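Read through the structure below, which is laid out as structure tokens, and then see the notes.
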Amino acid sequence: MTVALPEKVVPGFSSGNATNKEVDVITFGCRLNAYESEAIKVRAREAQLRDAVVVNTCAVTAEAVRQSRQAIRKLRRERPGVRIIVTGCAAQTEPDTYASMAEVDAVLGNAEKLTAQAYADFGLGRAEKLRVNDIMSVRETASQMVDHFDGKTRAFLQVQNGCDHRCTFCIIPFGRGNSRSVGVGAVVEEARRLVENGFPEIVLTGVDLTSYGADLPGAPSLGQLVEKILKLVPDLRRLRLSSIDSIEADDHLMRAIAEEPRLMPHFHLSAQSGDDMILKRMKRRHGRRHTIAFCDEVRRRRPDAAFGADLIAGFPTETEEMFQNSMRLIEDAGLSTLHVFPFSPRKGTPAARMPQLPRATVKDRAARLRACGTAAQTARYDAMRGQRHSILVEKSGMGRTACFAPVEFSGEAQPGSFVTVTVSGRNGDHLVGELAG
């Protein structure tokens with residue numbers, strides 16, 4: 001499966017208006033959680049739930065769980081009268097952890113959170129505190145018909161959920177269930193509706209995005225889905241992919257990368273390590289050479305491509321030499337945006353039973369990986385000086401290039417519009433520039 005946190009790098013939370021009587025949603029974790037949080041708002045609104053907060057949790061690391069519990073306690077102190085509903089991957093994998101918290105009024109599983117009935121029952125006082133069913137029994141993923149994303153100029157679109165793989169470090173399949181896909185027609189319909197509602201850019205999301213379609217009639221691939229969206233939604237200006245497993249990239253996807261300028265040239269890879277022995281112990285399906293070969297081939301087809309990756313530091317049994325292979329992967333594959341995870345043993349996973357490294361070693365290696373990633377990103381941004389880029393404006397004076405580099409620019413432009421900016425330099429972790437012409 002693909003492990004990725006949103007824009008993403010560390011678990012954190014965001015919420016809606018904390019003063020209204022409607023439902024606020026606090027979101028931890030990945031882009032898929034962000035998408036589902038919007039669906040939760042819709043379902044809760046349909047149920048006419050009021051004066052409640054839904055905490056949509058992440059289970060990818062123990063730290064993510066700790067932060068969600070901390071946020072719940074803080075929320076109760078700040079809003080003693082509000083009803084707190086906890087859901088998401090951590091609620092699915094360890095429901096008793098949250099049900100035992102006095103601050104929590106209800107715990108919903110990952111399937112239950114996307115039904116209006118769950119919130120209708122809660123609103124009428126009929127719900128049991130703990131409602132988490134067997135996620136492995138879920139056989140399909142329905143389109144959630146999310147038409148709006150508060151304060152955003154790009155929309156997320158869930159096309160896949162769950163994962164059939166069992167990486168030794170990962171708890172997420174037990175929070176999400178087995179892989180299941182949204183039908184091509186429903187995806188295209190939702191993409192068309194999002195564009196009609198004013199979103200010029202859509203990000204396709206899933207737990208294991210490149211496994212899309214294997215469970216559908218005819219087994220359409222992710223690349224075929226991309227081709228359909230771009231053909232049938234001609235007014236869509238930009239299409240992005242969230243994290244992908246490069247070894248699953250099909251011929252249709254590779255052709256779209258080469259031939260479709262509306263498919264954005266930024267690719268975030270679920271690499272996890274740059275050492276073959278560690279990848280084998282992780283039970284990953286790719287080797288170091290696969291990651292490098294994919295990046296080389298994409299760069300050959302799309303010279304403006306940029307690459308990011310998830311990397312785990314301090315996996316059990318990792319030697320310094322193995323770690324150095326991950327460090328070298330950054331240069332060898334041309335990675336420039338890293339999401340670094342210090343290894344966090346998750347109860348119930350095989351990796352938790354392997355010989356663990358000292359926490360100080362894990363933290364040190366994570367810091368060194370992040371420093372290497374920062375240097376690579378700085379070099380890429382410095383090389384962009386003097387270039388002209390089309391920018392999707394996200395807010396006043398700020399937007400992103402096609403390769404997802406953030407740019408601060410002088411001049412006025414409306415959020416959601418496109419402007420051309422000449423890059424004049426870099427300010428920390430973002431570019432700076434001026435409107436062209």
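Convention: chains lettered A, B, ... in structure tokens order; per-chain residue numbering from 1; ligands numbered from 1 as shown.
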For this session: Write out as a VMD selection string all residues of segment 23-119 of chain A that backbone DSSP assigns to helix (DSSP H, G or I).
Result: chain A and resid 31 to 46 62 to 78 89 to 93 95 to 99 112 to 114 116 to 119
Selection from above, C-alpha atoms, as a compact mmCIF listing (two decimals), in the first residue's frame, can you write it?
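Done, and the output landed in part-v7.txt:
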# COMPACT_ATOMS: atom_id res chain seq x y z
CA ARG A 31 -5.36 13.24 1.20
CA LEU A 32 -7.91 10.45 1.29
CA ASN A 33 -8.81 11.45 4.84
CA ALA A 34 -9.11 15.06 3.68
CA TYR A 35 -11.51 13.96 0.95
CA GLU A 36 -13.53 11.83 3.34
CA SER A 37 -13.73 14.69 5.82
CA GLU A 38 -15.60 16.67 3.18
CA ALA A 39 -17.90 13.66 2.68
CA ILE A 40 -18.44 13.50 6.46
CA LYS A 41 -19.61 17.12 6.43
CA VAL A 42 -22.11 16.29 3.70
CA ARG A 43 -23.41 13.16 5.46
CA ALA A 44 -23.69 14.96 8.82
CA ARG A 45 -25.52 17.83 7.14
CA GLU A 46 -27.95 15.35 5.58
CA ALA A 62 1.95 5.87 16.88
CA GLU A 63 2.65 9.61 16.90
CA ALA A 64 -0.43 10.24 14.75
CA VAL A 65 -2.55 8.37 17.30
CA ARG A 66 -0.97 10.27 20.19
CA GLN A 67 -1.62 13.62 18.53
CA SER A 68 -5.26 12.79 17.84
CA ARG A 69 -5.82 11.86 21.51
CA GLN A 70 -4.12 15.07 22.58
CA ALA A 71 -6.34 17.07 20.23
CA ILE A 72 -9.48 15.40 21.61
CA ARG A 73 -8.54 16.31 25.18
CA LYS A 74 -7.80 19.89 24.16
CA LEU A 75 -11.07 20.08 22.25
CA ARG A 76 -13.04 18.98 25.32
CA ARG A 77 -11.36 21.61 27.47
CA GLU A 78 -12.05 24.37 24.95
CA CYS A 89 -8.17 4.64 10.59
CA ALA A 90 -7.03 4.78 14.23
CA ALA A 91 -10.63 4.48 15.41
CA GLN A 92 -11.00 1.43 13.16
CA THR A 93 -7.78 -0.30 14.25
CA PRO A 95 -11.54 1.49 18.79
CA ASP A 96 -11.24 0.76 22.50
CA THR A 97 -8.47 3.34 22.79
CA TYR A 98 -10.96 6.07 21.93
CA ALA A 99 -14.08 4.51 23.45
CA GLU A 112 -19.82 3.85 9.19
CA LYS A 113 -18.40 7.38 8.98
CA LEU A 114 -19.57 7.73 5.36
CA ALA A 116 -25.77 9.68 6.98
CA GLN A 117 -27.58 7.17 9.19
CA ALA A 118 -24.67 7.03 11.61
CA TYR A 119 -24.97 10.74 12.31
Problem set entry | Proximity to Arg300 of chain A - best of A:Lys231, A:Ala258, A:Val423, A:Phe341, only C-alpha atoms |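 That would be A:Ala258, the residue with the smallest distance to Arg300 of chain A.
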Within 6 Å of segment 216-227 of chain A, counting only C-alpha atoms, which residues show up once you throw out same-chain ones fewer than 4 positions away? Write them as an mmCIF file with C-alpha atoms, in the first residue's frame, please.
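Written output follows (selection_12.cif):
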data_model
loop_
_atom_site.group_PDB
_atom_site.id
_atom_site.type_symbol
_atom_site.label_atom_id
_atom_site.label_comp_id
_atom_site.auth_asym_id
_atom_site.auth_seq_id
_atom_site.Cartn_x
_atom_site.Cartn_y
_atom_site.Cartn_z
ATOM 1 C CA THR A 210 -2.042 2.344 -8.745
ATOM 2 C CA TYR A 212 -7.110 0.956 -9.212
ATOM 3 C CA HIS A 252 -1.555 3.725 -20.405
ATOM 4 C CA LEU A 253 -0.279 5.786 -17.478
#
Exercise. Which one of A:Gly162, A:Pro316, A:Gly433, A:Gly109 sits closest to Leu209 of chain A if you count only C-alpha atoms?
Worked result: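 Under the stated criterion, the closest residue is A:Gly162.
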For this session: Name all residues at most 12 Å from Gly81 of chain A (count only C-alpha atoms; drop same-chain ones fewer than 6 positions away) and give them as a PyMOL selection string.
Result: chain A and resi 19+21+50-53+75+103-105
Mind writing the picked residues with N, CA and C atoms as a CSV table (one decimal), in the first residue's frame?
chain,number,residue,atom,x,y,z
A,19,THR,N,-16.9,28.0,15.9
A,19,THR,CA,-17.9,28.7,16.7
A,19,THR,C,-19.3,28.4,16.2
A,21,LYS,N,-22.8,26.2,15.0
A,21,LYS,CA,-23.6,25.1,15.6
A,21,LYS,C,-23.6,23.9,14.7
A,50,ARG,N,-26.0,18.7,14.7
A,50,ARG,CA,-25.6,20.0,15.1
A,50,ARG,C,-24.7,20.0,16.3
A,51,ASP,N,-23.9,21.0,16.4
A,51,ASP,CA,-23.1,21.2,17.6
A,51,ASP,C,-22.3,20.0,17.9
A,52,ALA,N,-21.5,19.5,16.9
A,52,ALA,CA,-20.7,18.3,17.1
A,52,ALA,C,-19.4,18.5,16.4
A,53,VAL,N,-18.4,17.8,16.8
A,53,VAL,CA,-17.1,17.8,16.1
A,53,VAL,C,-16.7,16.3,15.8
A,75,LEU,N,-9.8,19.7,22.8
A,75,LEU,CA,-11.1,20.1,22.3
A,75,LEU,C,-12.1,20.1,23.4
A,103,GLU,N,-13.7,11.9,27.2
A,103,GLU,CA,-14.0,13.1,26.4
A,103,GLU,C,-14.8,12.7,25.1
A,104,VAL,N,-14.8,11.4,24.7
A,104,VAL,CA,-15.4,11.0,23.5
A,104,VAL,C,-16.9,10.5,23.7
A,105,ASP,N,-17.8,11.0,22.8
A,105,ASP,CA,-19.2,10.6,22.9
A,105,ASP,C,-19.5,9.4,22.0
Problem set entry | Residues flagged strand (DSSP E or B) by DSSP in segment 31-141 of chain A, as a ChimeraX atom specification | /A:52-57,83-88,106-108,130-131
Could you take the residues named above and write them with N, CA and C atoms, as a short mmCIF file (atom, residue, chain, number, x, y, z; two decimals), in the first residue's frame?
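The resulting file, part11.cif, is reproduced below:
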data_model
loop_
_atom_site.label_atom_id
_atom_site.label_comp_id
_atom_site.auth_asym_id
_atom_site.auth_seq_id
_atom_site.Cartn_x
_atom_site.Cartn_y
_atom_site.Cartn_z
N ALA A 52 -21.54 19.50 16.94
CA ALA A 52 -20.70 18.32 17.11
C ALA A 52 -19.38 18.52 16.37
N VAL A 53 -18.38 17.80 16.79
CA VAL A 53 -17.08 17.78 16.12
C VAL A 53 -16.73 16.34 15.81
N VAL A 54 -16.34 16.08 14.58
CA VAL A 54 -15.89 14.76 14.17
C VAL A 54 -14.38 14.81 14.03
N VAL A 55 -13.68 13.91 14.71
CA VAL A 55 -12.23 13.81 14.63
C VAL A 55 -11.91 12.63 13.73
N ASN A 56 -11.35 12.90 12.56
CA ASN A 56 -11.05 11.88 11.55
C ASN A 56 -9.58 11.51 11.71
N THR A 57 -9.30 10.37 12.32
CA THR A 57 -7.95 10.04 12.79
C THR A 57 -7.12 9.32 11.73
N ARG A 83 -20.46 17.76 21.26
CA ARG A 83 -20.38 16.30 21.19
C ARG A 83 -19.20 15.92 20.28
N ILE A 84 -18.39 14.99 20.75
CA ILE A 84 -17.18 14.60 20.03
C ILE A 84 -17.36 13.18 19.49
N ILE A 85 -17.24 13.07 18.16
CA ILE A 85 -17.33 11.79 17.47
C ILE A 85 -15.95 11.49 16.88
N VAL A 86 -15.42 10.32 17.14
CA VAL A 86 -14.10 9.95 16.64
C VAL A 86 -14.26 8.85 15.59
N THR A 87 -13.56 9.01 14.48
CA THR A 87 -13.61 8.03 13.41
C THR A 87 -12.25 7.97 12.71
N GLY A 88 -12.17 7.32 11.58
CA GLY A 88 -10.92 7.24 10.83
C GLY A 88 -10.15 5.94 11.10
N ALA A 106 -18.80 9.23 20.87
CA ALA A 106 -19.09 8.12 19.96
C ALA A 106 -17.86 7.81 19.13
N VAL A 107 -17.71 6.53 18.76
CA VAL A 107 -16.62 6.07 17.90
C VAL A 107 -17.24 5.35 16.71
N LEU A 108 -16.91 5.82 15.49
CA LEU A 108 -17.44 5.23 14.27
C LEU A 108 -16.30 4.62 13.45
N LEU A 130 -19.86 2.86 20.71
CA LEU A 130 -18.88 2.21 19.85
C LEU A 130 -19.59 1.49 18.71
N ARG A 131 -19.33 1.99 17.46
CA ARG A 131 -19.90 1.33 16.28
C ARG A 131 -18.80 1.19 15.23
#
For this session: Would you please work out which residue, of A:Glu190, A:Glu331, A:Asp208, A:Glu297, is nearest to Gly373 of chain A when using only C-alpha atoms?
Result: A:Glu331
Problem set entry | Which residue of A:Ala111, A:Val203, A:Cys30, A:Cys403 approaches Phe156 of chain A most closely, using only C-alpha atoms |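 For Phe156 of chain A, the nearest of the given residues is A:Val203.
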For this session: Return the single residue from A:Ile312, A:Ala120, A:Ile172, A:Ile330 that is closest to Arg346 of chain A, with distances computed using only C-alpha atoms.
Result: A:Ile172
Exercise. Of the residues A:Asp364, A:Glu434, A:Glu412, A:Glu201, which is the one nearest to Arg388 of chain A, using only C-alpha atoms?
Worked result: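 Comparing A:Asp364, A:Glu434, A:Glu412, A:Glu201 against Arg388 of chain A, the winner is A:Glu434.
By chain and then residue number, the residues within 9 Å of Ser211 of chain A are Met1, Gln160, Cys163, Asp164, Ser179, Arg180, Ser181, Ser221, Leu222, Asp245, Glu248 and Ala249 of chain A, counting only C-alpha atoms and disregarding those fewer than 4 positions away in sequence.
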Take the residues from that selection and write them out as an mmCIF file, in the first residue's frame, keeping C-alpha atoms.
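Wrote selection34.cif, looks like this:
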data_model
loop_
_atom_site.group_PDB
_atom_site.id
_atom_site.type_symbol
_atom_site.label_atom_id
_atom_site.label_comp_id
_atom_site.auth_asym_id
_atom_site.auth_seq_id
_atom_site.Cartn_x
_atom_site.Cartn_y
_atom_site.Cartn_z
ATOM 1 C CA MET A 1 0.000 0.000 0.000
ATOM 2 C CA GLN A 160 -9.901 3.665 -4.665
ATOM 3 C CA CYS A 163 -5.141 -2.426 0.095
ATOM 4 C CA ASP A 164 -4.512 -6.080 -0.790
ATOM 5 C CA SER A 179 -8.664 -2.917 -2.243
ATOM 6 C CA ARG A 180 -11.829 -1.729 -3.971
ATOM 7 C CA SER A 181 -12.380 0.842 -6.710
ATOM 8 C CA SER A 221 -6.121 0.452 -15.017
ATOM 9 C CA LEU A 222 -5.268 3.763 -13.390
ATOM 10 C CA ASP A 245 3.514 2.638 -6.371
ATOM 11 C CA GLU A 248 2.332 -0.795 -10.794
ATOM 12 C CA ALA A 249 2.490 2.012 -13.374
#
For this session: Could you please determine the separation between atom CA of Leu241 of chain A and atom CA of Ala351 of chain A in Å, to one decimal place?
Result: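 We find that atom CA of Leu241 of chain A and atom CA of Ala351 of chain A lie 28.6 Å from each other.
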For this session: Within 12 Å of Lys152 of chain A, counting only C-alpha atoms, which residues show up once you throw out same-chain ones fewer than 3 positions away? Write them as a list in words, please.
Result: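 So the residues in contact are Ala34, Tyr35, Glu38, Asp147, His148, Phe149, Ala155, Phe156, Leu194, Asn197, Gly198, Phe199, Pro200, Glu201, Ile202, Val203, Leu392, Val393, Glu394, Lys395, Gly399, Pro415 and Gly416 of chain A.
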